[in-house]
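Structure, as structure tokens:
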Amino acid sequence: MLLDATERLDRHCYRYPAPLVDGILESTPGERLLAVKNVTVNEEFFQGHFPGTPLMPGVLTIEAMAQAASLLLLDDDTQLSGRRTVLRGVRNARFRRQVVPGDRLVLDVAVRRRRRQLAAVTAVARVEDQVVAEAELLVGLLLDEPRIDSTAHVAPGAEIGEGSVIGPNAVIGPHVKLGRECRIGASAVIDGWTEIGDETQVFPSASIGLIPQDTKFKGERTTLVIGRRNVFREFVTVNRGTKVGGGLTRIGDDNLFMAYVHVAHDCTVGNKTIFGPGATLGGHVAVEDQANIGAFSGVHQFCRVGRQAFIGGYSVVTLDAMPYARSVGNRARIYGLNTIGLKRQGMPPETIADLKRAFRYLLRSKLNTTQAIRQIEQDETLRCREVDYLVEFIRSSRRGVNLRRPPKRLEAMVSDE
């Protein structure tokens with residue numbers, strides 16, 4: 001299907017030369033694009049190239065290829081939204097035949113490799129299935145200025161990174177620092193001394209960086225620091241820290257907070273965690289990397305959730321939740337190793353086997369916790385870093401770790417596999 005490309009070219013061809021792509025024949029966003037340029041006798045460049053023998057200059061054939069490549073890259077909304085393009089270089093250009101008035105130039109461009117700010121694109125121009133030119137283009141990817149909706153309120157002093165988009169009726173406070181390529185949804189509020197890393201998405205009506213829900217808070221300056229590529233869905237609330245708790249709430253990279261999640265003051269969240277809808281962290285909670293907290297679960301203040309732990313939906317966690325394990329229920333009990341989750345996260349089978357043996361000492365033997373740890377440390381075959389971390393997690397617990405097993409009738413209903 002032939003699509004008009006003029007409007008899309010307007011955003012990156014605002015200067016001479018004019019658009020040299022008339023339409024798009026086929027497109028696979030981010031991978032390949034087939035475009036067309038109808039070469040007519042009234043083109044401006046024919047006036048000087050050449051009187052009596054009009055030819056399309058080779059440099060303009062390259063320009064047409066570059067514009068097609070820009071359309072291809074700019075249409076990849078998932079990766080390159082908010083960017084502009086610039087031609088950084090041309091490699092291995094070859095011109096096979098002349099392009100003259102009446103030719104229909106078909107431009108075939110495909111991404112060969114791509115980095116954050118540079119893409120290598122192979123380009124071939126054909127007339128009636130005959131190659132007239134080919135080249136490899138190096139296309140730079142530049143960020144646009146922030147786009148702020150006219151109804152949004154961005155306070156003086158706020159720092160908005162390049163390529164970021166602020167939606168309708170959003171409110172950004174004066175001490176907020178927003179990274180590059182962030183997206184802030186309609187009616188979201190970001191306030192306080194809050195720093196948000198690049199490529200983070202805040203969905204409509206989320207509340208980020210407001211004062212703690214703590215009666216001891218007296219208006220002192222405290223902060224919220226959020227890493228890169230986090231997603232905060234609708235109505236998520238994240239509070240900044242308190243003076244008593246150290247003054248800082250910190251969130252790492254690549255986390256997903258589903259709708260209505262609450263992260264209270266002075267919490268620490270690692271990387272690549274997932275919070276189901278309505279999950280709640282009390283104050284001073286620490287959630288370690290790749291943990292998964294199920295829908296409408298609550299974690300009591302000052303508790304820890306260990307690395308790659310799984311907290312089942314509607315659970316209440318009042319003791320430290322063991323790493324690598326499944327904790328489910330009100331009050332949460334431990335249902336053994338989170339085998340399926342560990343496999344999905346890429347843990348090697350031999351490591352999973354070692355963890356299973358360690359958990360047998362902790363949960364299946366008749367040893368108390370101190371004796372079980374001693375047995376794990378004396379077992380020469382359990383020498384992987386994950387087991388060492390498991391032992392250290394238990395030793396360093398202040399609230400105590402949750403090693404309570406469920407009744408046998410319930411445990412039998414939940415298979416390790």
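Please note that chains go A, B, ... in the order of the structure tokens, that every chain numbers its residues from 1, and that ligands are numbered from 1 in the order shown.
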For this session: Within 9 Å of region 317-321 of chain A, counting only C-alpha atoms, which residues show up once you throw out same-chain ones fewer than 2 positions away? Write them as a PyMOL selection string, please.
Result: chain A and resi 297-306+309-311+315+323+325-334+394+397-403
How close does each residue of region 237-321 of chain A get to region 345-350 of chain A, giving the shortest atom pair and distance in Å to one decimal for every residue with an atom at most 12 Å away, counting only C-alpha atoms, sorted by chain and residue number, as a Markdown table?
```
| residue | atom | partner | partner_atom | distance |
| --- | --- | --- | --- | --- |
| A:Lys272 | CA | A:Gln345 | CA | 10.2 |
| A:Thr273 | CA | A:Gln345 | CA | 11.3 |
| A:Asp289 | CA | A:Gln345 | CA | 11.2 |
| A:Gln290 | CA | A:Gln345 | CA | 8.2 |
| A:Ala291 | CA | A:Gln345 | CA | 10.5 |
| A:Asn292 | CA | A:Gln345 | CA | 11.4 |
| A:Arg307 | CA | A:Gln345 | CA | 11.5 |
| A:Gln308 | CA | A:Gln345 | CA | 8.5 |
| A:Ala309 | CA | A:Gln345 | CA | 11.5 |
```
Could you pull out the helix (DSSP H, G or I) residues of region 48-222 of chain A, going by DSSP on the backbone, and write them as a PDB file with C-alpha atoms, in the first residue's frame?
```
ATOM      1  CA  GLY A  58      24.370  10.996  -7.357  1.00  0.00           C
ATOM      2  CA  VAL A  59      24.534  12.989  -4.117  1.00  0.00           C
ATOM      3  CA  LEU A  60      20.759  13.477  -4.274  1.00  0.00           C
ATOM      4  CA  THR A  61      20.252   9.758  -4.808  1.00  0.00           C
ATOM      5  CA  ILE A  62      22.211   9.284  -1.558  1.00  0.00           C
ATOM      6  CA  GLU A  63      20.021  11.979   0.042  1.00  0.00           C
ATOM      7  CA  ALA A  64      16.875  10.116  -1.048  1.00  0.00           C
ATOM      8  CA  MET A  65      18.289   6.933   0.508  1.00  0.00           C
ATOM      9  CA  ALA A  66      19.096   8.827   3.733  1.00  0.00           C
ATOM     10  CA  GLN A  67      15.564  10.212   3.939  1.00  0.00           C
ATOM     11  CA  ALA A  68      14.123   6.723   3.473  1.00  0.00           C
ATOM     12  CA  ALA A  69      16.463   5.469   6.203  1.00  0.00           C
ATOM     13  CA  SER A  70      15.232   8.259   8.487  1.00  0.00           C
ATOM     14  CA  LEU A  71      11.631   7.246   7.879  1.00  0.00           C
ATOM     15  CA  LEU A  72      12.536   3.684   8.778  1.00  0.00           C
ATOM     16  CA  LEU A  73      14.270   4.626  12.043  1.00  0.00           C
ATOM     17  CA  LEU A  74      11.820   7.296  13.140  1.00  0.00           C
ATOM     18  CA  ASP A  77       8.370   4.159  18.166  1.00  0.00           C
ATOM     19  CA  THR A  78       9.428   1.550  20.720  1.00  0.00           C
ATOM     20  CA  GLN A  79      13.102   2.419  20.421  1.00  0.00           C
ATOM     21  CA  LEU A  80      13.555   5.849  18.895  1.00  0.00           C
TER      22      LEU A  80
END
```
Which neighbours of Met258 (chain A) fall inside 8 Å, counting only C-alpha atoms, when residues of the same chain fewer than 6 positions from it are skipped, and could you give them as a compact mmCIF listing (two decimals) with C-alpha atoms, in the first residue's frame?
```txt
# COMPACT_ATOMS: atom_id res chain seq x y z
CA VAL A 231 7.79 1.64 34.48
CA PHE A 232 5.29 3.12 36.93
CA ARG A 233 1.75 2.24 35.90
CA GLU A 234 -1.48 4.07 36.75
CA VAL A 236 1.42 4.11 41.61
CA ILE A 274 8.18 -6.90 39.37
CA PHE A 275 5.40 -5.60 41.61
CA GLY A 276 1.89 -6.88 40.93
CA PRO A 277 -1.16 -4.56 41.12
CA GLY A 278 -1.73 -3.16 44.59
```
Residues of region 270-326 of chain A within 12 Å of region 210-220 of chain A: nearest atom pair and distance (Å, one decimal) for each, counting only C-alpha atoms, sorted by chain and number, as CSV?
```
residue,atom,partner,partner_atom,distance
A:Gly282,CA,A:Gln213,CA,10.0
A:Gly283,CA,A:Asp214,CA,8.8
A:His284,CA,A:Pro212,CA,11.4
A:Gln301,CA,A:Asp214,CA,12.0
```
Those same residues - C-alpha atoms - I'd like them written as a PDB file, in the first residue's frame.
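The resulting file, out18.pdb, is reproduced below:
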```
ATOM      1  CA  GLY A 282       5.924  -0.374  54.313  1.00  0.00           C
ATOM      2  CA  GLY A 283       8.653   2.059  55.298  1.00  0.00           C
ATOM      3  CA  HIS A 284      12.325   1.034  55.328  1.00  0.00           C
ATOM      4  CA  GLN A 301       8.204  -2.116  57.556  1.00  0.00           C
TER       5      GLN A 301
END
```
For this session: Determine, counting only C-alpha atoms, which protein, DNA and RNA residues have an atom within 12 Å of an atom of region 156-173 of chain A; residues of the same chain fewer than 3 positions away are not included. Present the result as a count of residues only.
Result: 54
For this session: Report as a list in words: the residues of region 267-389 of chain A with a DSSP assignment of strand (DSSP E or B), based on the backbone of this structure.
Result: Thr268, Val269, Ile274, Phe275, Thr280, Leu281, Ala286, Val287, Asn292, Ile293, Gly298, Val299, Arg304, Val305, Phe310, Ile311, Val316, Val317, Asp320, Ala321, Ala325, Arg326, Ser327, Val328, Arg333, Ile334, Tyr335, Gly336 and Leu337 of chain A
Show me, as a short mmCIF file (atom, residue, chain, number, x, y, z; two decimals) with N, CA and C atoms, in the first residue's frame, the residues that have an atom within 10 Å of Ala353 (chain A) when counting only C-alpha atoms, minus same-chain residues fewer than 6 positions from it.
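Output file out-v7.cif is given in full below:
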```
data_model
loop_
_atom_site.label_atom_id
_atom_site.label_comp_id
_atom_site.auth_asym_id
_atom_site.auth_seq_id
_atom_site.Cartn_x
_atom_site.Cartn_y
_atom_site.Cartn_z
N THR A 339 11.65 -22.62 41.86
CA THR A 339 12.35 -23.30 40.76
C THR A 339 11.98 -22.73 39.40
N PHE A 359 18.24 -25.79 50.75
CA PHE A 359 16.91 -25.62 51.32
C PHE A 359 16.43 -26.88 52.04
N LEU A 382 28.67 -27.70 48.32
CA LEU A 382 27.85 -26.48 48.21
C LEU A 382 28.77 -25.27 48.32
#
```
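For the set A:Glu380, A:Asp129, A:Asp253, A:Glu136, the residue with the smallest atom-to-atom gap to Ala93 (chain A) is A:Glu136, counting only C-alpha atoms.
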Exercise. Could you name the residues that touch Arg96 (chain A) at 10 Å or less, counting only C-alpha atoms, but leaving out those on the same chain fewer than 6 positions away, as a PyMOL selection string?
Worked result: chain A and resi 125-126+130-134
Keeping only N, CA and C atoms, take the residues you just selected and write them out as an mmCIF file, in the first residue's frame.
```cif
data_model
loop_
_atom_site.group_PDB
_atom_site.id
_atom_site.type_symbol
_atom_site.label_atom_id
_atom_site.label_comp_id
_atom_site.auth_asym_id
_atom_site.auth_seq_id
_atom_site.Cartn_x
_atom_site.Cartn_y
_atom_site.Cartn_z
ATOM 1 N N ALA A 125 19.035 1.551 -4.429
ATOM 2 C CA ALA A 125 18.065 2.260 -5.261
ATOM 3 C C ALA A 125 17.935 1.528 -6.589
ATOM 4 N N ARG A 126 16.687 1.293 -7.010
ATOM 5 C CA ARG A 126 16.442 0.553 -8.250
ATOM 6 C C ARG A 126 15.481 1.331 -9.149
ATOM 7 N N GLN A 130 16.356 -2.728 -11.829
ATOM 8 C CA GLN A 130 17.784 -2.591 -12.106
ATOM 9 C C GLN A 130 18.407 -1.692 -11.047
ATOM 10 N N VAL A 131 19.490 -2.163 -10.430
ATOM 11 C CA VAL A 131 20.160 -1.377 -9.394
ATOM 12 C C VAL A 131 20.841 -0.175 -10.031
ATOM 13 N N VAL A 132 20.515 1.019 -9.537
ATOM 14 C CA VAL A 132 21.158 2.235 -10.039
ATOM 15 C C VAL A 132 22.180 2.773 -9.041
ATOM 16 N N ALA A 133 22.005 2.473 -7.759
ATOM 17 C CA ALA A 133 22.957 2.923 -6.742
ATOM 18 C C ALA A 133 22.781 2.080 -5.495
ATOM 19 N N GLU A 134 23.877 1.948 -4.730
ATOM 20 C CA GLU A 134 23.841 1.238 -3.450
ATOM 21 C C GLU A 134 24.899 1.805 -2.534
#
```
For this session: Would you work out the distance separating CA of Glu44 (chain A) from CA of Arg97 (chain A), expressed in Å to one decimal?
Result: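 Result for CA of Glu44 (chain A) versus CA of Arg97 (chain A): 20.8 Å, one decimal.
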Exercise. Which distance in Å separates CA of Thr28 (chain A) and CA of Arg88 (chain A), to one decimal?
Worked result: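 A separation of 23.2 Å between them.
Between CA of Gln371 (chain A) and CA of Thr351 (chain A) there is a distance of 22.3 Å.
Nearest to Glu392 (chain A) of all the residues A:Ile352, A:Met322, A:Leu367, A:Met56 is A:Met322, based on only C-alpha atoms.
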Applying 7 Å and only C-alpha atoms, which residues near Gly313 (chain A) remain after dropping the ones on its own chain fewer than 3 positions away? List them as a PDB file with N, CA and C atoms, in the first residue's frame.
```
ATOM      1  N   GLY A 294       3.714 -10.369  44.448  1.00  0.00           N
ATOM      2  CA  GLY A 294       2.416 -10.583  43.824  1.00  0.00           C
ATOM      3  C   GLY A 294       1.385  -9.532  44.169  1.00  0.00           C
ATOM      4  N   ALA A 295       0.271  -9.588  43.462  1.00  0.00           N
ATOM      5  CA  ALA A 295      -0.792  -8.599  43.586  1.00  0.00           C
ATOM      6  C   ALA A 295      -1.329  -8.502  45.009  1.00  0.00           C
ATOM      7  N   PHE A 296      -1.499  -7.266  45.468  1.00  0.00           N
ATOM      8  CA  PHE A 296      -2.132  -6.953  46.750  1.00  0.00           C
ATOM      9  C   PHE A 296      -1.411  -7.573  47.946  1.00  0.00           C
ATOM     10  N   SER A 297      -0.140  -7.850  47.788  1.00  0.00           N
ATOM     11  CA  SER A 297       0.664  -8.315  48.915  1.00  0.00           C
ATOM     12  C   SER A 297       1.217  -7.126  49.684  1.00  0.00           C
TER      13      SER A 297
END
```
